[in-house]
>>> print(open('input.tsv').read())   # TSV, C-alpha atoms
chain	number	residue	atom	x	y	z
G	277	MET	CA	8.86	-12.17	29.27
G	278	TYR	CA	9.77	-13.49	25.84
G	279	LEU	CA	10.46	-10.96	23.10
G	280	VAL	CA	10.49	-12.44	19.61
G	281	GLN	CA	11.34	-10.54	16.46
G	282	HIS	CA	9.23	-11.81	13.58
G	283	GLY	CA	10.97	-14.10	11.13
G	284	GLN	CA	12.28	-13.09	7.74
G	285	ALA	CA	9.41	-11.77	5.61
G	286	THR	CA	8.85	-11.18	1.93
G	287	THR	CA	9.45	-7.71	0.58
G	288	GLU	CA	6.51	-5.42	0.04
G	289	ASP	CA	7.08	-5.75	-3.73
G	290	GLU	CA	6.79	-9.54	-3.49
G	291	ASP	CA	3.65	-9.43	-1.34
G	292	PRO	CA	2.25	-6.27	0.30
G	293	ARG	CA	1.01	-8.35	3.28
G	294	ARG	CA	4.67	-9.33	4.00
G	295	PRO	CA	4.18	-12.93	5.18
G	296	LEU	CA	7.09	-15.01	6.45
G	297	THR	CA	9.36	-16.57	3.87
G	298	ASP	CA	10.10	-20.29	4.04
G	299	GLN	CA	13.40	-19.39	5.73
G	300	GLY	CA	11.61	-17.09	8.18
G	301	THR	CA	9.13	-19.84	9.08
G	302	ALA	CA	11.95	-22.36	9.54
G	303	ASP	CA	13.97	-19.97	11.73
G	304	VAL	CA	11.02	-19.13	13.99
G	305	ASP	CA	10.06	-22.80	14.29
G	306	ARG	CA	13.62	-23.85	15.16
G	307	VAL	CA	14.07	-21.14	17.81
G	308	ALA	CA	10.61	-21.75	19.30
G	309	ARG	CA	11.09	-25.54	19.45
G	310	THR	CA	14.47	-25.12	21.12
G	311	ALA	CA	13.07	-22.64	23.64
G	312	VAL	CA	10.00	-24.74	24.44
G	313	ASP	CA	11.36	-28.30	24.22
G	314	ARG	CA	14.91	-27.87	25.46
G	315	LEU	CA	14.81	-24.72	27.59
G	316	GLY	CA	11.34	-25.01	29.12
G	317	ALA	CA	9.88	-21.75	27.82
G	318	ARG	CA	6.16	-21.79	28.57
G	319	PRO	CA	4.58	-18.36	28.09
G	320	SER	CA	0.87	-18.40	28.91
G	321	ARG	CA	0.08	-15.89	26.16
G	322	ALA	CA	1.42	-15.22	22.65
G	323	ILE	CA	0.73	-11.61	21.66
G	324	HIS	CA	1.49	-10.02	18.29
G	325	SER	CA	1.27	-6.66	16.52
G	326	GLY	CA	-1.33	-7.70	13.97
G	327	LYS	CA	1.06	-7.44	11.04
G	328	THR	CA	1.09	-10.67	9.03
G	329	ARG	CA	4.71	-11.54	9.76
G	330	ALA	CA	4.27	-11.05	13.52
G	331	ARG	CA	0.94	-12.94	13.54
G	332	GLU	CA	2.53	-15.89	11.73
G	333	THR	CA	5.44	-15.84	14.18
G	334	ALA	CA	3.02	-15.87	17.14
G	335	GLN	CA	1.04	-18.71	15.53
G	336	ILE	CA	4.15	-20.89	15.37
G	337	TRP	CA	4.84	-20.22	19.05
G	338	GLY	CA	1.18	-20.62	19.98
G	339	SER	CA	0.97	-24.04	18.35
G	340	LEU	CA	3.91	-25.25	20.45
G	341	ILE	CA	2.65	-23.86	23.77
G	342	GLY	CA	-1.03	-24.59	23.20
G	343	VAL	CA	-2.42	-21.04	23.12
G	344	ASP	CA	-4.26	-18.98	20.54
G	345	PRO	CA	-2.27	-15.88	19.58
G	346	GLU	CA	-3.75	-12.50	20.52
G	347	GLU	CA	-3.42	-9.25	18.62
G	348	SER	CA	-2.58	-6.11	20.56
G	349	ASP	CA	-1.79	-2.48	19.97
G	350	GLY	CA	1.50	-0.91	21.01
G	351	LEU	CA	3.71	-3.44	19.19
G	352	ALA	CA	4.22	-1.78	15.79
G	353	PRO	CA	7.77	-0.97	14.70
G	354	ASN	CA	7.74	2.67	15.84
G	355	ASP	CA	5.36	2.45	18.82
G	356	ASP	CA	6.36	3.93	22.15
G	357	PRO	CA	7.83	1.19	24.39
G	358	ALA	CA	6.33	2.92	27.45
G	359	THR	CA	2.95	1.37	26.57
G	360	TRP	CA	4.24	-2.15	27.19
G	361	VAL	CA	6.51	-1.13	30.08
G	362	GLY	CA	3.30	-0.03	31.83
G	363	ARG	CA	1.33	-3.14	30.87
G	364	LEU	CA	4.08	-5.47	31.99
G	365	ALA	CA	4.25	-3.78	35.39
G	366	THR	CA	0.94	-5.45	36.26
G	367	GLU	CA	1.34	-8.66	34.22
G	368	THR	CA	1.78	-11.67	36.48
G	369	ALA	CA	2.07	-14.42	33.85
G	370	ASP	CA	4.89	-15.13	31.41
G	371	VAL	CA	4.02	-13.64	28.02
G	372	MET	CA	5.56	-13.74	24.56
G	373	LEU	CA	5.46	-10.63	22.39
G	374	ALA	CA	6.02	-11.11	18.65
G	375	GLY	CA	6.95	-7.80	17.13
G	376	HIS	CA	9.35	-5.66	15.18
G	377	LEU	CA	12.44	-3.53	15.34
G	378	PRO	CA	13.11	-0.96	16.53
G	379	HIS	CA	10.25	-1.40	19.02
G	380	LEU	CA	11.45	-4.66	20.62
G	381	ALA	CA	14.99	-3.36	21.15
G	382	ARG	CA	13.62	-0.13	22.62
G	383	LEU	CA	11.24	-2.07	24.90
G	384	ALA	CA	13.96	-4.42	26.15
G	385	THR	CA	16.25	-1.47	26.87
G	386	ALA	CA	13.50	0.43	28.70
G	387	LEU	CA	12.71	-2.62	30.86
G	388	LEU	CA	16.39	-2.98	31.70
G	389	GLY	CA	16.50	0.64	32.87
G	390	GLY	CA	18.32	2.10	29.90
G	391	ASP	CA	17.58	4.84	27.40
G	392	PRO	CA	15.24	3.31	24.77
G	393	ASP	CA	16.95	5.38	22.10
G	394	ARG	CA	20.25	3.59	22.82
G	395	PRO	CA	19.43	-0.15	22.54
G	396	LEU	CA	21.37	-2.53	24.77
G	397	ILE	CA	20.38	-5.79	23.06
G	398	GLY	CA	20.60	-6.88	19.44
G	399	PHE	CA	17.79	-8.88	17.88
G	400	GLN	CA	17.78	-11.15	14.84
G	401	GLN	CA	14.76	-12.00	12.73
G	402	GLY	CA	13.11	-15.05	14.26
G	403	GLY	CA	15.25	-14.74	17.39
G	404	LEU	CA	14.27	-14.68	21.04
G	405	VAL	CA	15.30	-12.48	23.97
G	406	ALA	CA	14.01	-13.67	27.35
G	407	LEU	CA	13.84	-11.27	30.29
G	408	GLU	CA	12.91	-12.04	33.87
G	409	ARG	CA	11.56	-9.66	36.49
G	410	THR	CA	13.45	-9.83	39.77
G	411	ASP	CA	13.28	-7.80	42.98
G	412	ALA	CA	16.01	-5.60	41.50
G	413	GLY	CA	14.21	-5.12	38.16
G	414	TRP	CA	14.35	-6.87	34.82
G	415	MET	CA	17.36	-8.94	33.77
G	416	VAL	CA	18.36	-10.75	30.58
G	417	MET	CA	17.99	-14.52	30.90
G	418	LEU	CA	18.52	-15.67	27.33
G	419	VAL	CA	19.39	-14.42	23.87
G	420	LEU	CA	18.67	-17.09	21.25
G	421	PRO	CA	19.22	-16.08	17.61
G	422	PRO	CA	18.35	-18.55	14.83
G	423	SER	CA	22.06	-18.94	14.02
G	424	ALA	CA	22.60	-20.52	17.48
G	425	VAL	CA	20.21	-23.45	16.96
>>> encode(input="input.tsv", output="C-alpha cells")
Amino acid sequence: MYLVQHGQATTEDEDPRRPLTDQGTADVDRVARTAVDRLGARPSRAIHSGKTRARETAQIWGSLIGVDPEESDGLAPNDDPATWVGRLATETADVMLAGHLPHLARLATALLGGDPDRPLIGFQQGGLVALERTDAGWMVMLVLPPSAV
C-alpha cells in the first residue's frame, strides 16, 4: 500500500482547479522515480481523489509504473478513513492512493491500529508512505519525503 500526498499545488486564488506547481510536479516525480527505480515500488493501480492536484500526482506515478490512474470516492481531505480501511481488507494487489491531508494521515493511523484523530505518521506534499500488510496487521515499510531524495 503506497500512500502519496499530492504535490505542492497552486492556491485557489491563482487557479481554482489547484493544479500542481512546477515544484510540486518536480517533487512528485523525484519521489516516484526513486521509489520505482531504486526501491522497486510497483503498485498495480494508481488511484486518486479526482481533485486536479491528486489526479496529476497519480498520473506521474502511473506513467512510471505503466498504469492508467483511476478516480475513486473516499479520498477527499475530510473523508472517513473507514471507507478505505474496509476496501483494503479485501484488496490483494499493491495499490497507490494519491490523496490529501488530513485523510491520508488518518487512514495510515487507522490501518496501523491507532486512533485516526491522533495521527501517527507525518506526510509531506509529494511524499510517500508505504505500508505492508503482515499476519500481525499493517506496518510502516517506508517514509520518503521529497526532502530525502
>>> atom_distance(input="input.tsv", atom1="atom CA of Ala374 of chain G", atom2="atom CA of Arg394 of chain G")
20.9 Å
>>> atom_distance(input="input.tsv", atom1="atom CA of His376 of chain G", atom2="atom CA of Val405 of chain G")
12.6 Å
>>> closest_residue(input="input.tsv", among="G:Gln299, G:Ser325, G:Thr366, G:Thr310", to="Trp337 of chain G", atoms="all atoms listed in the file")
G:Thr310
>>> closest_residue(input="input.tsv", among="G:Ala352, G:Ala386, G:Leu315, G:Ala302", to="Lys327 of chain G", atoms="all atoms listed in the file")
G:Ala352
>>> closest_residue(input="input.tsv", among="G:Asp305, G:Asp391, G:Asp370, G:Asp411", to="Ser339 of chain G", atoms="only C-alpha atoms")
G:Asp305
>>> residues_around(input="input.tsv", residues="Leu420 of chain G", least_positions_apart="4", cutoff="7 Å", atoms="all atoms listed in the file", output="ChimeraX atom specification")
/G:403-405,424
>>> axis_aligned_box(input="input.tsv", around="segment 321-333 of chain G", padding_each_side="8 Å", output="JSON")
{"center_x": 2.1, "center_y": -11.3, "center_z": 17.6, "size_x": 22.8, "size_y": 25.2, "size_z": 33.1}
>>> closest_residue(input="input.tsv", among="G:Ala412, G:Val312, G:Ala365, G:Met372", to="Gln281 of chain G", atoms="only C-alpha atoms")
G:Met372
>>> closest_residue(input="input.tsv", among="G:Glu332, G:Val307, G:Ser423, G:Ile323", to="Arg293 of chain G", atoms="all atoms listed in the file")
G:Glu332
>>> atom_distance(input="input.tsv", atom1="atom CA of His379 of chain G", atom2="atom CA of Leu340 of chain G")
24.7 Å
>>> residues_near_point(input="input.tsv", point="(18.1, -13.9, 29.8)", cutoff="10 Å", atoms="only C-alpha atoms", output="short mmCIF file (atom, residue, chain, number, x, y, z; two decimals) with C-alpha atoms, keeping the file's coordinate frame")
data_model
loop_
_atom_site.label_atom_id
_atom_site.label_comp_id
_atom_site.auth_asym_id
_atom_site.auth_seq_id
_atom_site.Cartn_x
_atom_site.Cartn_y
_atom_site.Cartn_z
CA MET G 277 8.86 -12.17 29.27
CA TYR G 278 9.77 -13.49 25.84
CA LEU G 404 14.27 -14.68 21.04
CA VAL G 405 15.30 -12.48 23.97
CA ALA G 406 14.01 -13.67 27.35
CA LEU G 407 13.84 -11.27 30.29
CA GLU G 408 12.91 -12.04 33.87
CA TRP G 414 14.35 -6.87 34.82
CA MET G 415 17.36 -8.94 33.77
CA VAL G 416 18.36 -10.75 30.58
CA MET G 417 17.99 -14.52 30.90
CA LEU G 418 18.52 -15.67 27.33
CA VAL G 419 19.39 -14.42 23.87
CA LEU G 420 18.67 -17.09 21.25
#
>>> closest_residue(input="input.tsv", among="G:Gly300, G:Pro378, G:Pro295, G:Gly390", to="Gly402 of chain G", atoms="only C-alpha atoms")
G:Gly300
>>> residues_around(input="input.tsv", residues="His324 of chain G", least_positions_apart="4", cutoff="10 Å", atoms="all atoms listed in the file", output="mmCIF file with C-alpha atoms, in the frame of the given file")
data_model
loop_
_atom_site.group_PDB
_atom_site.id
_atom_site.type_symbol
_atom_site.label_atom_id
_atom_site.label_comp_id
_atom_site.auth_asym_id
_atom_site.auth_seq_id
_atom_site.Cartn_x
_atom_site.Cartn_y
_atom_site.Cartn_z
ATOM 1 C CA VAL G 280 10.490 -12.440 19.610
ATOM 2 C CA HIS G 282 9.230 -11.810 13.580
ATOM 3 C CA THR G 328 1.090 -10.670 9.030
ATOM 4 C CA ARG G 329 4.710 -11.540 9.760
ATOM 5 C CA ALA G 330 4.270 -11.050 13.520
ATOM 6 C CA ARG G 331 0.940 -12.940 13.540
ATOM 7 C CA GLU G 332 2.530 -15.890 11.730
ATOM 8 C CA THR G 333 5.440 -15.840 14.180
ATOM 9 C CA ALA G 334 3.020 -15.870 17.140
ATOM 10 C CA GLN G 335 1.040 -18.710 15.530
ATOM 11 C CA PRO G 345 -2.270 -15.880 19.580
ATOM 12 C CA GLU G 346 -3.750 -12.500 20.520
ATOM 13 C CA GLU G 347 -3.420 -9.250 18.620
ATOM 14 C CA SER G 348 -2.580 -6.110 20.560
ATOM 15 C CA ASP G 349 -1.790 -2.480 19.970
ATOM 16 C CA GLY G 350 1.500 -0.910 21.010
ATOM 17 C CA LEU G 351 3.710 -3.440 19.190
ATOM 18 C CA ALA G 352 4.220 -1.780 15.790
ATOM 19 C CA MET G 372 5.560 -13.740 24.560
ATOM 20 C CA LEU G 373 5.460 -10.630 22.390
ATOM 21 C CA ALA G 374 6.020 -11.110 18.650
ATOM 22 C CA GLY G 375 6.950 -7.800 17.130
ATOM 23 C CA HIS G 376 9.350 -5.660 15.180
#
